[in-house]
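**Q** If it helps, the file is called target-v8.pdb and holds PDB, C-alpha atoms, pLDDT in the B column:
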```pdb
ATOM      1  CA  MET A  14       0.000   0.000   0.000  1.00 61.00           C
ATOM      2  CA  LYS A  15       2.828   2.385   0.870  1.00 73.00           C
ATOM      3  CA  SER A  16       4.511   1.728  -2.499  1.00 78.00           C
ATOM      4  CA  LEU A  17       1.245   2.580  -4.292  1.00 77.00           C
ATOM      5  CA  HIS A  18       1.071   5.900  -2.407  1.00 79.00           C
ATOM      6  CA  LYS A  19       4.711   6.638  -3.200  1.00 81.00           C
ATOM      7  CA  THR A  20       4.114   5.862  -6.869  1.00 83.00           C
ATOM      8  CA  LEU A  21       1.062   8.148  -6.972  1.00 82.00           C
ATOM      9  CA  ILE A  22       3.014  10.936  -5.264  1.00 83.00           C
ATOM     10  CA  TYR A  23       5.832  10.587  -7.799  1.00 82.00           C
ATOM     11  CA  ILE A  24       3.388  10.666 -10.703  1.00 84.00           C
ATOM     12  CA  VAL A  25       1.687  13.776  -9.290  1.00 81.00           C
ATOM     13  CA  LEU A  26       5.068  15.464  -8.730  1.00 82.00           C
ATOM     14  CA  ILE A  27       6.152  14.646 -12.286  1.00 82.00           C
ATOM     15  CA  LEU A  28       2.884  16.081 -13.670  1.00 78.00           C
ATOM     16  CA  VAL A  29       3.265  19.240 -11.565  1.00 75.00           C
ATOM     17  CA  VAL A  30       6.868  19.731 -12.723  1.00 76.00           C
ATOM     18  CA  MET A  31       5.864  19.182 -16.379  1.00 75.00           C
ATOM     19  CA  THR A  32       3.000  21.672 -16.025  1.00 72.00           C
ATOM     20  CA  LEU A  33       5.225  24.286 -14.387  1.00 70.00           C
ATOM     21  CA  ALA A  34       7.970  23.764 -16.985  1.00 69.00           C
ATOM     22  CA  GLY A  35       5.434  24.302 -19.776  1.00 72.00           C
ATOM     23  CA  SER A  36       4.055  27.436 -18.119  1.00 82.00           C
ATOM     24  CA  PHE A  37       7.056  29.692 -18.703  1.00 86.00           C
ATOM     25  CA  TYR A  38       9.291  30.716 -21.548  1.00 88.00           C
ATOM     26  CA  ILE A  39      12.464  32.743 -21.644  1.00 89.00           C
ATOM     27  CA  LEU A  40      12.937  35.488 -24.196  1.00 91.00           C
ATOM     28  CA  ARG A  41      16.526  36.467 -25.009  1.00 92.00           C
ATOM     29  CA  ALA A  42      17.589  40.006 -25.928  1.00 92.00           C
ATOM     30  CA  ASP A  43      17.887  39.104 -29.621  1.00 93.00           C
ATOM     31  CA  GLU A  44      14.444  37.464 -29.847  1.00 94.00           C
ATOM     32  CA  GLN A  45      10.806  38.476 -30.048  1.00 94.00           C
ATOM     33  CA  VAL A  46       7.840  36.170 -29.702  1.00 95.00           C
ATOM     34  CA  VAL A  47       4.215  35.710 -30.676  1.00 94.00           C
ATOM     35  CA  VAL A  48       2.033  33.666 -28.292  1.00 93.00           C
ATOM     36  CA  ILE A  49      -0.690  31.619 -29.975  1.00 93.00           C
ATOM     37  CA  ARG A  50      -3.581  30.097 -28.028  1.00 92.00           C
ATOM     38  CA  LEU A  51      -5.746  27.633 -29.917  1.00 88.00           C
ATOM     39  CA  GLY A  52      -4.684  29.104 -33.272  1.00 86.00           C
ATOM     40  CA  LYS A  53      -5.204  32.771 -32.373  1.00 91.00           C
ATOM     41  CA  VAL A  54      -2.566  35.336 -31.492  1.00 91.00           C
ATOM     42  CA  VAL A  55      -3.044  36.409 -27.865  1.00 92.00           C
ATOM     43  CA  ALA A  56       0.197  38.312 -27.199  1.00 90.00           C
ATOM     44  CA  SER A  57       3.513  39.403 -28.604  1.00 91.00           C
ATOM     45  CA  ASN A  58       6.587  40.270 -26.575  1.00 90.00           C
ATOM     46  CA  THR A  59       9.751  42.024 -27.698  1.00 90.00           C
ATOM     47  CA  GLU A  60      11.478  42.660 -24.378  1.00 92.00           C
ATOM     48  CA  PRO A  61      13.797  40.029 -22.869  1.00 92.00           C
ATOM     49  CA  GLY A  62      12.702  38.207 -19.740  1.00 91.00           C
ATOM     50  CA  LEU A  63      10.742  35.338 -18.244  1.00 89.00           C
ATOM     51  CA  TYR A  64       7.099  35.125 -19.358  1.00 91.00           C
ATOM     52  CA  PHE A  65       4.090  33.023 -18.404  1.00 89.00           C
ATOM     53  CA  LYS A  66       1.949  31.042 -20.829  1.00 89.00           C
ATOM     54  CA  VAL A  67      -0.987  28.691 -20.336  1.00 86.00           C
ATOM     55  CA  PRO A  68       0.425  25.162 -20.400  1.00 82.00           C
ATOM     56  CA  PHE A  69      -0.803  22.789 -23.104  1.00 82.00           C
ATOM     57  CA  MET A  70      -2.842  25.589 -24.742  1.00 87.00           C
ATOM     58  CA  ASP A  71      -0.312  28.264 -25.660  1.00 88.00           C
ATOM     59  CA  ARG A  72       2.567  27.862 -28.032  1.00 90.00           C
ATOM     60  CA  THR A  73       5.236  30.390 -28.898  1.00 91.00           C
ATOM     61  CA  VAL A  74       6.707  31.363 -32.244  1.00 92.00           C
ATOM     62  CA  LYS A  75      10.040  33.128 -31.884  1.00 93.00           C
ATOM     63  CA  TYR A  76      11.542  35.556 -34.394  1.00 94.00           C
ATOM     64  CA  THR A  77      14.938  37.202 -34.422  1.00 92.00           C
ATOM     65  CA  LYS A  78      15.556  40.886 -33.749  1.00 93.00           C
ATOM     66  CA  LYS A  79      18.790  40.765 -35.732  1.00 93.00           C
ATOM     67  CA  LEU A  80      19.190  42.270 -39.170  1.00 92.00           C
ATOM     68  CA  ILE A  81      18.351  39.822 -41.945  1.00 91.00           C
ATOM     69  CA  GLU A  82      20.079  39.957 -45.307  1.00 90.00           C
ATOM     70  CA  TYR A  83      18.097  39.223 -48.430  1.00 87.00           C
ATOM     71  CA  ASP A  84      19.882  38.669 -51.710  1.00 86.00           C
ATOM     72  CA  ALA A  85      17.377  39.042 -54.543  1.00 80.00           C
ATOM     73  CA  ASP A  86      17.758  37.265 -57.846  1.00 82.00           C
ATOM     74  CA  PRO A  87      19.005  39.487 -60.689  1.00 84.00           C
ATOM     75  CA  VAL A  88      16.156  41.091 -62.639  1.00 81.00           C
ATOM     76  CA  ALA A  89      16.111  42.540 -66.141  1.00 82.00           C
ATOM     77  CA  VAL A  90      14.599  46.018 -66.401  1.00 82.00           C
ATOM     78  CA  VAL A  91      13.946  48.401 -69.299  1.00 80.00           C
ATOM     79  CA  THR A  92      15.137  51.984 -68.761  1.00 80.00           C
ATOM     80  CA  SER A  93      13.280  55.123 -69.863  1.00 80.00           C
ATOM     81  CA  ASP A  94      15.432  55.261 -73.016  1.00 80.00           C
ATOM     82  CA  LYS A  95      14.438  51.632 -73.877  1.00 79.00           C
ATOM     83  CA  LYS A  96      17.717  49.953 -72.935  1.00 79.00           C
ATOM     84  CA  ASN A  97      17.871  46.689 -71.022  1.00 81.00           C
ATOM     85  CA  LEU A  98      19.807  46.453 -67.766  1.00 81.00           C
ATOM     86  CA  VAL A  99      20.094  43.682 -65.212  1.00 82.00           C
ATOM     87  CA  PHE A 100      20.004  44.681 -61.543  1.00 81.00           C
ATOM     88  CA  ASP A 101      21.436  42.419 -58.866  1.00 85.00           C
ATOM     89  CA  THR A 102      20.114  43.812 -55.592  1.00 84.00           C
ATOM     90  CA  ILE A 103      20.521  43.109 -51.912  1.00 86.00           C
ATOM     91  CA  ALA A 104      18.374  44.256 -48.998  1.00 87.00           C
ATOM     92  CA  LEU A 105      18.732  44.434 -45.223  1.00 89.00           C
ATOM     93  CA  PHE A 106      15.586  44.205 -43.150  1.00 91.00           C
ATOM     94  CA  ARG A 107      14.369  43.482 -39.642  1.00 93.00           C
ATOM     95  CA  ILE A 108      11.109  42.348 -38.131  1.00 92.00           C
ATOM     96  CA  SER A 109       9.362  45.412 -36.728  1.00 91.00           C
ATOM     97  CA  ASP A 110       5.984  43.871 -35.828  1.00 92.00           C
ATOM     98  CA  PRO A 111       6.090  40.127 -35.039  1.00 93.00           C
ATOM     99  CA  GLU A 112       2.316  39.899 -34.650  1.00 93.00           C
ATOM    100  CA  THR A 113       1.670  41.301 -38.141  1.00 91.00           C
ATOM    101  CA  LEU A 114       4.392  39.062 -39.544  1.00 91.00           C
ATOM    102  CA  TYR A 115       2.751  35.990 -38.023  1.00 92.00           C
ATOM    103  CA  ARG A 116      -0.742  36.961 -39.181  1.00 91.00           C
ATOM    104  CA  ARG A 117       0.300  37.820 -42.751  1.00 90.00           C
ATOM    105  CA  VAL A 118       3.168  35.529 -43.743  1.00 90.00           C
ATOM    106  CA  ARG A 119       4.249  33.444 -40.708  1.00 88.00           C
ATOM    107  CA  THR A 120       7.861  32.646 -41.707  1.00 89.00           C
ATOM    108  CA  ILE A 121      11.031  34.496 -42.717  1.00 88.00           C
ATOM    109  CA  ALA A 122      11.148  32.467 -45.953  1.00 87.00           C
ATOM    110  CA  SER A 123       7.674  33.715 -46.880  1.00 88.00           C
ATOM    111  CA  VAL A 124       8.722  37.284 -46.104  1.00 87.00           C
ATOM    112  CA  GLN A 125      11.701  36.915 -48.408  1.00 86.00           C
ATOM    113  CA  GLN A 126       9.444  35.731 -51.222  1.00 86.00           C
ATOM    114  CA  ARG A 127       7.222  38.767 -50.723  1.00 85.00           C
ATOM    115  CA  LEU A 128      10.251  41.050 -50.540  1.00 83.00           C
ATOM    116  CA  ASP A 129      11.351  39.666 -53.888  1.00 82.00           C
ATOM    117  CA  ASP A 130       8.183  41.141 -55.403  1.00 81.00           C
ATOM    118  CA  SER A 131       8.543  44.434 -53.510  1.00 82.00           C
ATOM    119  CA  ILE A 132      12.185  44.932 -54.425  1.00 81.00           C
ATOM    120  CA  TYR A 133      11.630  43.930 -58.048  1.00 82.00           C
ATOM    121  CA  SER A 134       8.731  46.360 -58.435  1.00 82.00           C
ATOM    122  CA  ALA A 135      10.721  49.145 -56.751  1.00 82.00           C
ATOM    123  CA  VAL A 136      13.699  48.624 -59.061  1.00 81.00           C
ATOM    124  CA  ARG A 137      11.438  48.356 -62.109  1.00 82.00           C
ATOM    125  CA  ILE A 138       9.598  51.595 -61.244  1.00 82.00           C
ATOM    126  CA  VAL A 139      12.809  53.550 -60.618  1.00 82.00           C
ATOM    127  CA  ALA A 140      14.597  52.189 -63.698  1.00 80.00           C
ATOM    128  CA  GLY A 141      11.588  52.987 -65.858  1.00 81.00           C
ATOM    129  CA  ARG A 142      11.848  56.656 -64.874  1.00 83.00           C
ATOM    130  CA  LEU A 143      15.589  57.068 -65.482  1.00 81.00           C
ATOM    131  CA  SER A 144      17.805  56.700 -68.536  1.00 80.00           C
ATOM    132  CA  PHE A 145      20.657  54.244 -68.955  1.00 77.00           C
ATOM    133  CA  ASP A 146      23.297  56.934 -68.330  1.00 76.00           C
ATOM    134  CA  ASP A 147      21.479  58.197 -65.229  1.00 77.00           C
ATOM    135  CA  LEU A 148      21.314  54.712 -63.718  1.00 75.00           C
ATOM    136  CA  VAL A 149      24.922  53.855 -64.446  1.00 72.00           C
ATOM    137  CA  LYS A 150      26.620  57.215 -63.768  1.00 74.00           C
ATOM    138  CA  HIS A 151      24.699  60.339 -62.874  1.00 74.00           C
ATOM    139  CA  SER A 152      21.774  59.421 -60.608  1.00 76.00           C
ATOM    140  CA  ARG A 153      22.713  56.060 -59.131  1.00 76.00           C
ATOM    141  CA  ASP A 154      22.356  57.298 -55.519  1.00 78.00           C
ATOM    142  CA  LYS A 155      19.010  58.899 -56.327  1.00 81.00           C
ATOM    143  CA  ALA A 156      17.807  55.609 -57.852  1.00 80.00           C
ATOM    144  CA  ILE A 157      18.858  53.686 -54.739  1.00 81.00           C
ATOM    145  CA  ASP A 158      17.074  56.191 -52.455  1.00 83.00           C
ATOM    146  CA  GLN A 159      13.885  55.964 -54.508  1.00 83.00           C
ATOM    147  CA  SER A 160      14.056  52.141 -54.521  1.00 82.00           C
ATOM    148  CA  ASN A 161      14.463  52.181 -50.737  1.00 84.00           C
ATOM    149  CA  ALA A 162      11.412  54.400 -50.282  1.00 85.00           C
ATOM    150  CA  ILE A 163       9.174  52.281 -52.519  1.00 84.00           C
ATOM    151  CA  ALA A 164      10.318  48.963 -51.016  1.00 84.00           C
ATOM    152  CA  ARG A 165       9.888  50.281 -47.437  1.00 86.00           C
ATOM    153  CA  GLU A 166       6.338  51.357 -48.150  1.00 86.00           C
ATOM    154  CA  GLN A 167       5.388  47.991 -49.646  1.00 83.00           C
ATOM    155  CA  SER A 168       7.053  45.916 -46.914  1.00 84.00           C
ATOM    156  CA  ARG A 169       5.269  47.534 -43.948  1.00 85.00           C
ATOM    157  CA  GLU A 170       2.193  45.390 -44.494  1.00 87.00           C
ATOM    158  CA  TYR A 171       4.240  42.254 -43.702  1.00 88.00           C
ATOM    159  CA  GLY A 172       5.525  43.493 -40.338  1.00 90.00           C
ATOM    160  CA  VAL A 173       9.084  44.091 -41.548  1.00 91.00           C
ATOM    161  CA  GLU A 174      11.143  47.228 -42.025  1.00 91.00           C
ATOM    162  CA  ILE A 175      13.561  47.436 -44.936  1.00 88.00           C
ATOM    163  CA  LEU A 176      16.627  49.348 -43.808  1.00 88.00           C
ATOM    164  CA  SER A 177      18.398  49.477 -47.140  1.00 84.00           C
ATOM    165  CA  VAL A 178      18.236  48.284 -50.701  1.00 83.00           C
ATOM    166  CA  ALA A 179      21.482  48.402 -52.640  1.00 81.00           C
ATOM    167  CA  PHE A 180      22.565  47.472 -56.146  1.00 79.00           C
ATOM    168  CA  LYS A 181      25.363  44.913 -55.942  1.00 81.00           C
ATOM    169  CA  ARG A 182      25.783  45.001 -59.702  1.00 79.00           C
ATOM    170  CA  VAL A 183      24.161  46.731 -62.629  1.00 74.00           C
ATOM    171  CA  PHE A 184      25.086  45.082 -65.895  1.00 74.00           C
ATOM    172  CA  LEU A 185      23.948  44.493 -69.438  1.00 72.00           C
ATOM    173  CA  PRO A 186      22.099  41.311 -70.378  1.00 72.00           C
ATOM    174  CA  GLN A 187      24.318  38.672 -72.017  1.00 69.00           C
ATOM    175  CA  ASP A 188      22.918  39.390 -75.506  1.00 67.00           C
ATOM    176  CA  ASN A 189      23.580  43.126 -75.205  1.00 63.00           C
ATOM    177  CA  GLU A 190      27.041  42.487 -73.797  1.00 62.00           C
ATOM    178  CA  GLN A 191      27.986  40.430 -76.846  1.00 67.00           C
ATOM    179  CA  ALA A 192      26.589  43.122 -79.159  1.00 65.00           C
ATOM    180  CA  VAL A 193      28.677  45.793 -77.380  1.00 63.00           C
ATOM    181  CA  TYR A 194      31.822  43.662 -77.734  1.00 69.00           C
ATOM    182  CA  ARG A 195      31.127  43.101 -81.449  1.00 74.00           C
ATOM    183  CA  SER A 196      30.570  46.832 -81.902  1.00 71.00           C
ATOM    184  CA  MET A 197      33.852  47.595 -80.112  1.00 74.00           C
ATOM    185  CA  GLN A 198      35.718  45.058 -82.257  1.00 81.00           C
ATOM    186  CA  ALA A 199      34.203  46.500 -85.450  1.00 79.00           C
ATOM    187  CA  GLU A 200      35.275  50.006 -84.374  1.00 81.00           C
ATOM    188  CA  ARG A 201      38.827  48.824 -83.626  1.00 83.00           C
ATOM    189  CA  ASN A 202      38.999  46.997 -86.974  1.00 86.00           C
ATOM    190  CA  ARG A 203      37.802  50.131 -88.805  1.00 84.00           C
ATOM    191  CA  ILE A 204      40.498  52.263 -87.085  1.00 84.00           C
ATOM    192  CA  ALA A 205      43.129  49.608 -87.840  1.00 84.00           C
ATOM    193  CA  ALA A 206      42.078  49.533 -91.515  1.00 86.00           C
ATOM    194  CA  GLN A 207      42.426  53.300 -91.763  1.00 86.00           C
ATOM    195  CA  LEU A 208      45.909  53.175 -90.305  1.00 77.00           C
TER     196      LEU A 208
END
```
Translate this file's structure into structure tokens.
**A**
Amino acid sequence: MKSLHKTLIYIVLILVVMTLAGSFYILRADEQVVVIRLGKVVASNTEPGLYFKVPFMDRTVKYTKKLIEYDADPVAVVTSDKKNLVFDTIALFRISDPETLYRRVRTIASVQQRLDDSIYSAVRIVAGRLSFDDLVKHSRDKAIDQSNAIAREQSREYGVEILSVAFKRVFLPQDNEQAVYRSMQAERNRIAAQL
């Protein structure tokens, strides 16, 4: 009889410890969290510390507070003077509203897919307004600033803040590059023939 009581006491102690362990979560300084109860967001916390949650009902989804780098695929764009350019862009962003992020897109990977559309449309809009020479030489900084502004505006609805969009490379499409080389060779051959 005593062993049955001891066994029951141990089982109750184990259940109490498991319940207490599932009742708290720790949030580090570089994390933010969304608390979900039965599929609905009930809280979001961004400050570090020890927090309570309802055991077996609440679950937490943690997101980073660190800057996240997004390297977009190169995109071909037509300038205002009808020339093709390929932009290889990179963006830095951070999660500004974890609750909105969870409600709209849920994961960082999904955010990056949405940012791909935002960054592409920003680059396309800016490149469509400027000429080839402006984009390559004269107004490159202005183009980057305008791309930043457009991308920031579009990304707010996902709960993220784009800190910067930059052009890693701006180059001609492969077909145009070959045509430029052929044109340069023809010019050199013409000068050589004259000499």
**Q** Quick check on the file I pasted: which residues fall under the PyMOL selection byres ((chain A and resi 173-189) around 8)? Write them as a ChimeraX atom specification.
**A** /A:89,97-110,114,132,149,157,160-161,164-165,168-172,190-193
**Q** Point out the residue among A:Leu33, A:Val48, A:Val74, A:Ala42 with the least atom-to-atom distance to Pro61 in chain A, counting all atoms listed in the file.
**A**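 So, comparing all the options, the nearest one is A:Ala42.
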**Q** CA of Glu82 in chain A to CA of Leu128 in chain A: how many Å, to one decimal?
**A**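 Value for the CA of Glu82 in chain A-CA of Leu128 in chain A distance: 11.2 Å.
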**Q** Mind telling me what the PyMOL selection byres ((chain A and resi 46) around 9) catches here, as a PyMOL selection string?
**A** chain A and resi 40+44-45+47-48+56-59+73-77+111-112
**Q** Can you turn the PyMOL selection byres ((chain A and resi 94) around 12) into a concrete residue list for this file, as JSON, numbers by chain?
**A** {"A": [90, 91, 92, 93, 95, 96, 97, 98, 140, 141, 142, 143, 144, 145, 146, 147, 148]}
**Q** Box time for range 145-149 of chain A: axis-aligned, enclosing all its listed atoms, 5 Å extra on each side; report centre and edge lengths in Å to one decimal, as JSON.
**A**
```
{"center_x": 22.8, "center_y": 56.0, "center_z": -66.3, "size_x": 14.3, "size_y": 14.3, "size_z": 15.2}
```
**Q** Record the distance separating CA of Val54 in chain A and CA of Ser36 in chain A, expressed in Å with one decimal.
**A** 16.9 Å
**Q** Just checking: using only C-alpha atoms, which residue out of A:Ser16, A:Ser152, A:Gln125, A:Gln159 ends up closest to Arg137 in chain A?
**A** A:Gln159
**Q** Between CA of Arg153 in chain A and CA of Val124 in chain A, what distance in Å does the model show, to one decimal?
**A** 26.8 Å
**Q** Using all atoms listed in the file, which of the listed residues (A:Leu63, A:Asp43, A:His151, A:Val118) sits closest to Leu80 in chain A?
**A**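 Using all atoms listed in the file, the shortest distance to Leu80 in chain A belongs to A:Asp43.
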**Q** May I have the residues at most 9 Å from (5.3, 30.3, -20.1) in the file's coordinates, counting all atoms listed in the file, as a list in words?
**A**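 Neighbouring residues, ordered by chain and number, come to Leu33, Ala34, Gly35, Ser36, Phe37, Tyr38, Ile39, Leu63, Tyr64, Phe65, Lys66, Val67, Pro68, Asp71, Arg72 and Thr73 of chain A.
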